[in-house]
>>> print(open('coords_7.tsv').read())   # TSV, C-alpha atoms
chain	number	residue	atom	x	y	z
A	1	MET	CA	-102.45	253.55	32.51
A	2	ALA	CA	-104.54	255.52	34.95
A	3	PRO	CA	-102.61	257.73	37.40
A	4	GLY	CA	-104.13	255.95	40.39
A	5	ARG	CA	-103.24	252.54	39.01
A	6	ALA	CA	-99.73	253.70	38.13
A	7	ALA	CA	-99.25	255.02	41.65
A	8	ARG	CA	-100.49	251.79	43.13
A	9	THR	CA	-98.14	249.87	40.83
A	10	ARG	CA	-95.20	252.03	41.82
A	11	ARG	CA	-96.05	251.65	45.49
A	12	GLY	CA	-96.44	247.89	45.04
A	13	GLY	CA	-93.11	247.76	43.22
A	14	VAL	CA	-91.39	249.68	46.02
A	15	ALA	CA	-92.99	247.44	48.63
A	16	ALA	CA	-91.97	244.32	46.77
A	17	ALA	CA	-88.45	245.61	46.32
A	18	SER	CA	-88.15	246.53	49.98
A	19	ALA	CA	-89.45	243.10	50.99
A	20	ALA	CA	-86.85	241.29	48.89
A	21	PRO	CA	-83.56	240.61	50.67
A	22	PRO	CA	-80.47	242.56	49.61
A	23	PRO	CA	-78.14	240.70	47.21
A	24	LYS	CA	-75.61	240.09	50.00
A	25	GLU	CA	-78.31	238.51	52.18
A	26	ARG	CA	-79.66	236.06	49.62
A	27	GLY	CA	-76.71	233.69	49.91
A	28	ARG	CA	-76.61	233.73	53.69
A	29	PRO	CA	-79.01	230.76	54.23
A	30	ARG	CA	-76.77	228.52	52.13
A	31	THR	CA	-73.72	229.82	53.96
A	32	GLY	CA	-75.47	229.00	57.22
A	33	ALA	CA	-76.32	225.53	55.92
A	34	PHE	CA	-72.67	224.96	55.02
A	35	LEU	CA	-71.54	226.01	58.52
A	36	VAL	CA	-74.02	223.65	60.18
A	37	LEU	CA	-72.81	220.84	57.91
A	38	LEU	CA	-69.24	221.64	58.94
A	39	ALA	CA	-70.25	221.42	62.59
A	40	GLY	CA	-71.79	218.00	61.98
A	41	VAL	CA	-68.63	216.83	60.24
A	42	LEU	CA	-66.51	217.94	63.21
A	43	TRP	CA	-68.86	216.19	65.65
A	44	GLY	CA	-68.76	213.10	63.47
A	45	THR	CA	-65.01	212.70	64.03
A	46	MET	CA	-65.47	212.16	67.78
A	47	GLY	CA	-66.06	208.42	67.58
A	48	ALA	CA	-63.02	207.73	65.38
A	49	ALA	CA	-60.80	209.98	67.52
A	50	GLN	CA	-61.72	208.15	70.70
A	51	LYS	CA	-60.70	204.82	69.15
A	52	VAL	CA	-57.12	206.02	68.58
A	53	PRO	CA	-55.74	205.65	72.13
A	54	ASP	CA	-55.69	202.31	73.92
A	55	GLN	CA	-57.88	203.64	76.73
A	56	MET	CA	-60.30	206.52	77.04
A	57	GLY	CA	-62.42	207.70	79.90
A	58	GLY	CA	-66.09	206.97	80.41
A	59	VAL	CA	-68.78	208.81	78.51
A	60	ALA	CA	-69.50	211.22	81.37
A	61	SER	CA	-65.88	212.16	82.14
A	62	THR	CA	-64.98	212.55	78.46
A	63	GLY	CA	-68.09	214.63	77.86
A	64	ALA	CA	-67.53	216.80	80.92
A	65	PHE	CA	-63.90	217.45	80.01
A	66	ARG	CA	-64.55	218.37	76.40
A	67	THR	CA	-67.57	220.58	77.14
A	68	LEU	CA	-65.66	222.36	79.91
A	69	LEU	CA	-62.61	222.88	77.69
A	70	GLY	CA	-64.76	223.87	74.72
A	71	GLY	CA	-66.70	226.42	76.75
A	72	VAL	CA	-63.56	227.95	78.21
A	73	CYS	CA	-61.94	228.18	74.76
A	74	LEU	CA	-64.94	229.98	73.28
A	75	LEU	CA	-65.25	232.46	76.15
A	76	VAL	CA	-61.51	233.19	76.13
A	77	ALA	CA	-61.68	233.76	72.36
A	78	ALA	CA	-64.67	236.07	72.86
A	79	GLY	CA	-62.63	238.23	75.24
A	80	ARG	CA	-64.47	241.24	76.54
A	81	ALA	CA	-67.60	240.28	74.64
A	82	ALA	CA	-68.05	237.39	77.08
A	83	ARG	CA	-68.41	239.81	80.00
A	84	PRO	CA	-72.04	240.81	80.55
A	85	ARG	CA	-72.30	244.61	80.25
A	86	ARG	CA	-75.66	244.56	81.92
A	87	SER	CA	-77.73	241.98	83.72
A	88	PRO	CA	-79.42	239.68	81.19
A	89	GLY	CA	-83.17	239.45	81.29
A	90	ALA	CA	-84.75	236.54	83.09
A	91	ARG	CA	-86.03	235.18	79.78
A	92	SER	CA	-82.58	235.23	78.13
A	93	LEU	CA	-80.91	233.75	81.20
A	94	GLY	CA	-83.53	231.03	81.37
A	95	ALA	CA	-83.03	230.19	77.69
A	96	LEU	CA	-79.26	230.08	78.18
A	97	LEU	CA	-79.57	227.69	81.11
A	98	LEU	CA	-82.15	225.58	79.28
A	99	GLY	CA	-79.86	225.28	76.27
A	100	GLY	CA	-76.90	224.25	78.41
A	101	VAL	CA	-78.92	221.70	80.37
A	102	SER	CA	-80.23	220.32	77.07
A	103	VAL	CA	-76.68	219.79	75.78
A	104	GLY	CA	-75.70	217.94	78.95
A	105	ALA	CA	-78.91	215.90	79.05
A	106	PHE	CA	-78.48	214.93	75.40
A	107	GLN	CA	-75.12	213.31	76.09
A	108	ILE	CA	-76.30	211.46	79.21
A	109	LEU	CA	-79.53	210.19	77.66
A	110	PHE	CA	-78.01	209.31	74.29
A	111	PHE	CA	-75.27	207.07	75.64
A	112	ALA	CA	-77.45	205.65	78.42
A	113	SER	CA	-80.01	204.52	75.83
A	114	MET	CA	-77.38	202.41	74.10
A	115	ARG	CA	-77.05	200.21	77.17
A	116	HIS	CA	-80.66	199.12	76.68
A	117	ILE	CA	-81.21	199.10	72.92
A	118	GLY	CA	-77.71	199.04	71.45
A	119	VAL	CA	-75.69	201.49	69.38
A	120	ALA	CA	-77.64	201.11	66.14
A	121	MET	CA	-81.16	201.69	67.45
A	122	GLY	CA	-79.98	204.30	69.97
A	123	THR	CA	-78.35	206.33	67.18
A	124	VAL	CA	-81.30	206.02	64.82
A	125	LEU	CA	-83.89	207.04	67.42
A	126	THR	CA	-81.83	209.87	68.90
A	127	ILE	CA	-80.32	211.46	65.82
A	128	GLY	CA	-83.28	210.63	63.60
A	129	SER	CA	-85.91	212.03	65.98
A	130	SER	CA	-84.16	215.35	66.66
A	131	PRO	CA	-85.23	217.09	63.41
A	132	VAL	CA	-88.80	215.88	63.90
A	133	PHE	CA	-88.87	217.25	67.44
A	134	ALA	CA	-87.36	220.53	66.21
A	135	GLY	CA	-90.07	220.83	63.56
A	136	LEU	CA	-92.81	220.12	66.11
A	137	ILE	CA	-91.42	222.61	68.65
A	138	VAL	CA	-91.15	225.37	66.04
A	139	TRP	CA	-94.62	224.50	64.71
A	140	VAL	CA	-96.15	224.82	68.19
A	141	ARG	CA	-94.28	228.04	68.98
A	142	THR	CA	-94.85	229.87	65.68
A	143	ARG	CA	-98.05	228.17	64.42
A	144	ARG	CA	-96.21	227.74	61.11
A	145	ARG	CA	-95.84	224.27	59.65
A	146	PRO	CA	-92.37	223.55	58.21
A	147	ALA	CA	-92.13	223.51	54.42
A	148	THR	CA	-93.09	220.34	52.58
A	149	HIS	CA	-89.64	219.91	51.03
A	150	TRP	CA	-88.13	219.94	54.54
A	151	TRP	CA	-90.35	217.04	55.60
A	152	VAL	CA	-89.37	215.07	52.48
A	153	ALA	CA	-85.65	215.76	52.92
A	154	THR	CA	-85.85	214.94	56.63
A	155	ALA	CA	-87.64	211.66	55.92
A	156	ALA	CA	-84.89	210.74	53.45
A	157	THR	CA	-82.11	211.52	55.92
A	158	VAL	CA	-83.81	209.66	58.78
A	159	LEU	CA	-84.35	206.61	56.55
A	160	GLY	CA	-80.74	206.82	55.43
A	161	CYS	CA	-79.60	207.01	59.05
A	162	ALA	CA	-81.66	203.91	59.83
A	163	LEU	CA	-80.15	201.95	56.93
A	164	LEU	CA	-76.66	203.16	57.77
A	165	ASN	CA	-76.90	201.99	61.36
A	166	GLY	CA	-78.87	198.85	60.57
A	167	GLY	CA	-75.68	196.92	59.93
A	168	ALA	CA	-74.03	197.92	63.21
A	169	PRO	CA	-73.87	195.43	66.05
A	170	SER	CA	-76.61	195.86	68.59
A	171	GLY	CA	-74.87	195.14	71.85
A	172	SER	CA	-78.09	195.73	73.79
A	173	ALA	CA	-78.41	194.23	77.21
A	174	GLY	CA	-81.58	195.30	78.92
A	175	SER	CA	-85.24	196.20	78.61
A	176	PRO	CA	-85.94	198.10	75.36
A	177	ALA	CA	-88.67	200.39	76.71
A	178	PRO	CA	-86.41	202.59	78.92
A	179	GLY	CA	-83.82	202.73	76.16
A	180	ILE	CA	-86.35	203.89	73.58
A	181	ALA	CA	-87.67	206.53	75.98
A	182	MET	CA	-84.15	207.80	76.73
A	183	ALA	CA	-83.20	207.90	73.04
A	184	LEU	CA	-86.30	209.94	72.17
A	185	ALA	CA	-85.67	212.22	75.14
A	186	ALA	CA	-82.12	212.74	73.89
A	187	GLY	CA	-83.44	213.68	70.45
A	188	ALA	CA	-85.87	216.13	72.03
A	189	SER	CA	-83.04	217.61	74.13
A	190	TYR	CA	-80.93	218.29	71.06
A	191	ALA	CA	-83.91	219.83	69.25
A	192	LEU	CA	-84.65	222.05	72.26
A	193	PHE	CA	-81.02	223.20	72.32
A	194	ALA	CA	-81.22	224.24	68.66
A	195	VAL	CA	-84.55	226.05	69.10
A	196	VAL	CA	-83.59	228.07	72.21
A	197	SER	CA	-80.17	228.95	70.75
A	198	LYS	CA	-81.60	230.68	67.67
A	199	PRO	CA	-82.93	233.88	69.32
A	200	LEU	CA	-79.96	234.11	71.69
A	201	ILE	CA	-77.46	234.01	68.83
A	202	ALA	CA	-79.45	236.69	67.02
A	203	ALA	CA	-78.80	239.02	69.95
A	204	ALA	CA	-75.28	238.05	71.06
A	205	PRO	CA	-72.02	236.66	69.57
A	206	ALA	CA	-72.24	232.94	68.82
A	207	GLN	CA	-69.06	232.16	70.75
A	208	VAL	CA	-70.47	233.78	73.87
A	209	VAL	CA	-73.81	231.96	73.73
A	210	MET	CA	-72.25	228.59	72.93
A	211	GLY	CA	-69.45	229.10	75.43
A	212	TRP	CA	-71.79	229.66	78.36
A	213	MET	CA	-74.06	226.80	77.27
A	214	LEU	CA	-71.09	224.43	77.20
A	215	LEU	CA	-70.07	225.47	80.70
A	216	VAL	CA	-73.61	224.78	81.93
A	217	ALA	CA	-73.47	221.38	80.21
A	218	ALA	CA	-70.15	220.63	81.93
A	219	VAL	CA	-71.75	221.35	85.31
A	220	VAL	CA	-74.62	218.99	84.44
A	221	LEU	CA	-72.15	216.24	83.52
A	222	LEU	CA	-69.79	216.77	86.46
A	223	PRO	CA	-71.64	214.60	89.04
A	224	PHE	CA	-71.64	211.70	86.57
A	225	ALA	CA	-68.01	212.31	85.57
A	226	LEU	CA	-66.76	212.00	89.15
A	227	ARG	CA	-67.84	208.35	89.12
A	228	ASP	CA	-65.45	207.56	86.25
A	229	ASP	CA	-61.80	206.65	86.40
A	230	LEU	CA	-59.91	209.83	85.42
A	231	SER	CA	-56.49	208.22	85.07
A	232	TRP	CA	-56.82	208.34	81.26
A	233	LEU	CA	-56.09	212.07	81.40
A	234	ALA	CA	-52.60	211.32	82.69
A	235	ALA	CA	-51.72	209.31	79.58
A	236	ALA	CA	-50.22	211.29	76.69
A	237	ASP	CA	-52.43	209.80	73.99
A	238	GLY	CA	-55.58	210.10	76.11
A	239	LEU	CA	-54.85	213.75	76.91
A	240	ALA	CA	-54.06	214.51	73.26
A	241	VAL	CA	-57.38	213.07	72.10
A	242	ALA	CA	-59.20	214.88	74.91
A	243	LEU	CA	-57.67	218.17	73.77
A	244	TYR	CA	-58.76	217.47	70.20
A	245	LEU	CA	-62.28	216.69	71.36
A	246	GLY	CA	-62.45	219.84	73.47
A	247	VAL	CA	-60.81	222.36	71.16
A	248	VAL	CA	-61.64	221.14	67.65
A	249	THR	CA	-64.84	219.11	67.82
A	250	THR	CA	-66.54	220.90	70.72
A	251	ALA	CA	-65.34	224.51	70.64
A	252	GLY	CA	-64.97	224.54	66.85
A	253	GLY	CA	-68.11	222.50	66.18
A	254	PHE	CA	-70.40	224.51	68.45
A	255	LEU	CA	-68.96	227.79	67.18
A	256	VAL	CA	-69.64	227.09	63.50
A	257	PHE	CA	-73.03	225.60	64.42
A	258	GLY	CA	-73.92	228.82	66.23
A	259	LEU	CA	-72.71	230.95	63.31
A	260	GLY	CA	-74.76	228.87	60.89
A	261	LEU	CA	-77.83	229.05	63.10
A	262	ARG	CA	-77.95	232.81	62.46
A	263	TRP	CA	-79.00	232.16	58.87
A	264	VAL	CA	-81.01	228.93	58.97
A	265	SER	CA	-83.94	227.76	61.05
A	266	PRO	CA	-83.56	225.26	63.93
A	267	THR	CA	-85.47	222.70	61.85
A	268	THR	CA	-82.98	222.97	58.99
A	269	ALA	CA	-80.06	222.89	61.42
A	270	ALA	CA	-81.37	219.74	63.09
A	271	THR	CA	-81.76	217.98	59.74
A	272	LEU	CA	-78.31	219.03	58.52
A	273	SER	CA	-76.81	217.72	61.77
A	274	LEU	CA	-77.53	214.23	60.46
A	275	VAL	CA	-74.24	214.60	58.59
A	276	GLU	CA	-72.67	213.57	61.91
A	277	PRO	CA	-73.49	209.83	61.64
A	278	LEU	CA	-72.64	209.98	57.93
A	279	THR	CA	-69.18	211.35	58.76
A	280	ALA	CA	-68.67	208.77	61.49
A	281	ALA	CA	-69.63	205.98	59.09
A	282	VAL	CA	-67.31	207.20	56.32
A	283	LEU	CA	-64.41	207.40	58.78
A	284	GLY	CA	-65.28	203.95	60.05
A	285	PHE	CA	-65.27	202.50	56.53
A	286	GLY	CA	-62.19	204.34	55.31
A	287	LEU	CA	-59.90	204.50	58.34
A	288	LEU	CA	-61.01	201.80	60.74
A	289	GLY	CA	-61.80	199.08	58.22
A	290	GLU	CA	-65.40	198.58	59.34
A	291	PRO	CA	-67.60	196.51	56.97
A	292	LEU	CA	-69.86	198.19	54.42
A	293	THR	CA	-73.04	196.36	53.44
A	294	ALA	CA	-75.38	197.12	50.56
A	295	ALA	CA	-78.02	198.46	52.97
A	296	MET	CA	-75.48	200.74	54.61
A	297	LEU	CA	-74.35	202.02	51.20
A	298	ALA	CA	-77.97	202.78	50.33
A	299	GLY	CA	-78.23	204.63	53.64
A	300	VAL	CA	-75.19	206.72	52.77
A	301	CYS	CA	-76.77	207.67	49.43
A	302	LEU	CA	-80.11	208.60	51.04
A	303	LEU	CA	-78.42	210.61	53.75
A	304	PHE	CA	-76.33	212.49	51.21
A	305	ALA	CA	-79.36	213.20	49.02
A	306	GLY	CA	-81.46	214.47	51.93
A	307	LEU	CA	-78.64	216.64	53.26
A	308	ALA	CA	-77.91	218.11	49.83
A	309	TRP	CA	-81.58	218.94	49.27
A	310	THR	CA	-81.81	220.61	52.68
A	311	ALA	CA	-78.59	222.56	52.14
A	312	LEU	CA	-79.66	223.83	48.71
A	313	ARG	CA	-83.12	224.83	49.96
A	314	PRO	CA	-82.57	225.94	53.56
A	315	VAL	CA	-85.41	227.54	55.51
>>> encode(input="coords_7.tsv", output="structure tokens")
Amino acid sequence: MAPGRAARTRRGGVAAASAAPPPKERGRPRTGAFLVLLAGVLWGTMGAAQKVPDQMGGVASTGAFRTLLGGVCLLVAAGRAARPRRSPGARSLGALLLGGVSVGAFQILFFASMRHIGVAMGTVLTIGSSPVFAGLIVWVRTRRRPATHWWVATAATVLGCALLNGGAPSGSAGSPAPGIAMALAAGASYALFAVVSKPLIAAAPAQVVMGWMLLVAAVVLLPFALRDDLSWLAAADGLAVALYLGVVTTAGGFLVFGLGLRWVSPTTAATLSLVEPLTAAVLGFGLLGEPLTAAMLAGVCLLFAGLAWTALRPV
């Protein structure tokens, strides 16, 4: 081999070796995928938990309480790390506020859409559209189209979500157009939250970023929460469920989601979050005795397949 060619080969080998991730880093995307799946499982227990007591508060008051409690828990756990050592840049502060507003807007729009188009369609449009919106936002920002296998896996999970919720009662009572618009806006809000959180978590502890976002979301929900009857917080069972929602599902769910987001893209995170309706459905079938149709079983299988594919090949 000629000396020049050998040198080029050695240099190419060094470059290729330096470009490859260290052995400890190669498993991090799958670890991140597992953490995002865990977050979705925790979020998926919310519906079943709220059916335990005889009475629970309205959507706004329950959401405001759990986001406030979740944010406080995360910031207290962060300790001194939650105190800003220097003034954050306008860009970081804007992203933090945008993420918090997106979390609050997601809850308001998601549940408001159900009044017009019912639980089934509202869930399908909101949860199913969020990964698509995340992919489009990232595509526009980075000029990089998401991988083909992500589109296939996302299509499978969205179809599974549609089949899973197709057997649920509609309960719609209103014009469908506003409900569809609100459901899609809720999906876009969740996608925006995932996208803006990614660079923030790369520069700061996940519990700090998620803690402040949850507090912003609580402020967004507060005006709507004041319209609800808050007497449910005085009942022992209502308060116990509210504490579970705030500490476990919100603080715990957002924390592991933030930790997972360090190692996977927002598009992958949004797709893996579809484990939430799968968890809710499994709890409904197993614990609450809800009916399981053949179409819903097919939806469970499709959802599981799409989630497994995304988790094994995270981007």
>>> closest_residue(input="coords_7.tsv", among="A:Ala298, A:Leu214, A:Val256, A:Val275", to="Ala64 of chain A", atoms="only C-alpha atoms")
A:Leu214
>>> residues_around(input="coords_7.tsv", residues="segment 67-81 of chain A", least_positions_apart="6", cutoff="9 Å", atoms="only C-alpha atoms", output="PyMOL selection string")
chain A and resi 104+204-205+207-219+221+243+245-252+254-255
>>> closest_residue(input="coords_7.tsv", among="A:Trp43, A:Tyr190, A:Trp151, A:Phe65", to="Trp232 of chain A", atoms="only C-alpha atoms")
A:Phe65
>>> closest_residue(input="coords_7.tsv", among="A:Val282, A:Cys161, A:Leu222, A:Ser61", to="Leu302 of chain A", atoms="all atoms listed in the file")
A:Cys161
>>> atom_distance(input="coords_7.tsv", atom1="atom CA of Ser231 of chain A", atom2="atom CA of Leu42 of chain A")
25.9 Å
>>> residues_around(input="coords_7.tsv", residues="Asn165 of chain A", least_positions_apart="4", cutoff="8 Å", atoms="all atoms listed in the file", output="number ranges by chain")
A: 120-121, 123-124, 161, 296
>>> write_last_selection(input="coords_7.tsv", atoms="C-alpha atoms", output="mmCIF file, in the frame of the given file")
data_model
loop_
_atom_site.group_PDB
_atom_site.id
_atom_site.type_symbol
_atom_site.label_atom_id
_atom_site.label_comp_id
_atom_site.auth_asym_id
_atom_site.auth_seq_id
_atom_site.Cartn_x
_atom_site.Cartn_y
_atom_site.Cartn_z
ATOM 1 C CA ALA A 120 -77.640 201.110 66.140
ATOM 2 C CA MET A 121 -81.160 201.690 67.450
ATOM 3 C CA THR A 123 -78.350 206.330 67.180
ATOM 4 C CA VAL A 124 -81.300 206.020 64.820
ATOM 5 C CA CYS A 161 -79.600 207.010 59.050
ATOM 6 C CA MET A 296 -75.480 200.740 54.610
#
>>> atom_distance(input="coords_7.tsv", atom1="atom CA of Arg115 of chain A", atom2="atom CA of Gly179 of chain A")
7.3 Å
>>> residues_near_point(input="coords_7.tsv", point="(-89.9, 216.3, 72.0)", cutoff="9 Å", atoms="only C-alpha atoms", output="PyMOL selection string")
chain A and resi 129-130+132-134+136-137+184-189+191-192
>>> atom_distance(input="coords_7.tsv", atom1="atom CA of Leu287 of chain A", atom2="atom CA of Ala60 of chain A")
25.8 Å
>>> residues_around(input="coords_7.tsv", residues="segment 311-313 of chain A", least_positions_apart="6", cutoff="10 Å", atoms="all atoms listed in the file", output="list in words")
Pro29, Arg30, Thr31, Gly32, Ala33, Phe34, Val36, Leu37, His149, Trp150, Ala153, Val264, Thr268, Ala269, Thr271, Leu272 and Ala305 of chain A
>>> closest_residue(input="coords_7.tsv", among="A:Leu274, A:Phe193, A:Tyr244, A:Leu164", to="Ala294 of chain A", atoms="only C-alpha atoms")
A:Leu164
>>> residues_around(input="coords_7.tsv", residues="Pro176 of chain A", least_positions_apart="6", cutoff="12 Å", atoms="all atoms listed in the file", output="ChimeraX atom specification")
/A:112-118,121-122,170,182-183
>>> write_last_selection(input="coords_7.tsv", atoms="C-alpha atoms", output="PDB file, keeping the file's coordinate frame")
ATOM      1  CA  ALA A 112     -77.450 205.650  78.420  1.00  0.00           C
ATOM      2  CA  SER A 113     -80.010 204.520  75.830  1.00  0.00           C
ATOM      3  CA  MET A 114     -77.380 202.410  74.100  1.00  0.00           C
ATOM      4  CA  ARG A 115     -77.050 200.210  77.170  1.00  0.00           C
ATOM      5  CA  HIS A 116     -80.660 199.120  76.680  1.00  0.00           C
ATOM      6  CA  ILE A 117     -81.210 199.100  72.920  1.00  0.00           C
ATOM      7  CA  GLY A 118     -77.710 199.040  71.450  1.00  0.00           C
ATOM      8  CA  MET A 121     -81.160 201.690  67.450  1.00  0.00           C
ATOM      9  CA  GLY A 122     -79.980 204.300  69.970  1.00  0.00           C
ATOM     10  CA  SER A 170     -76.610 195.860  68.590  1.00  0.00           C
ATOM     11  CA  MET A 182     -84.150 207.800  76.730  1.00  0.00           C
ATOM     12  CA  ALA A 183     -83.200 207.900  73.040  1.00  0.00           C
TER      13      ALA A 183
END
>>> closest_residue(input="coords_7.tsv", among="A:Gln107, A:Thr310, A:Ser92, A:Thr267", to="Gly63 of chain A", atoms="only C-alpha atoms")
A:Gln107
>>> closest_residue(input="coords_7.tsv", among="A:Ala48, A:Val158, A:Ala194, A:Leu38", to="Phe285 of chain A", atoms="only C-alpha atoms")
A:Ala48
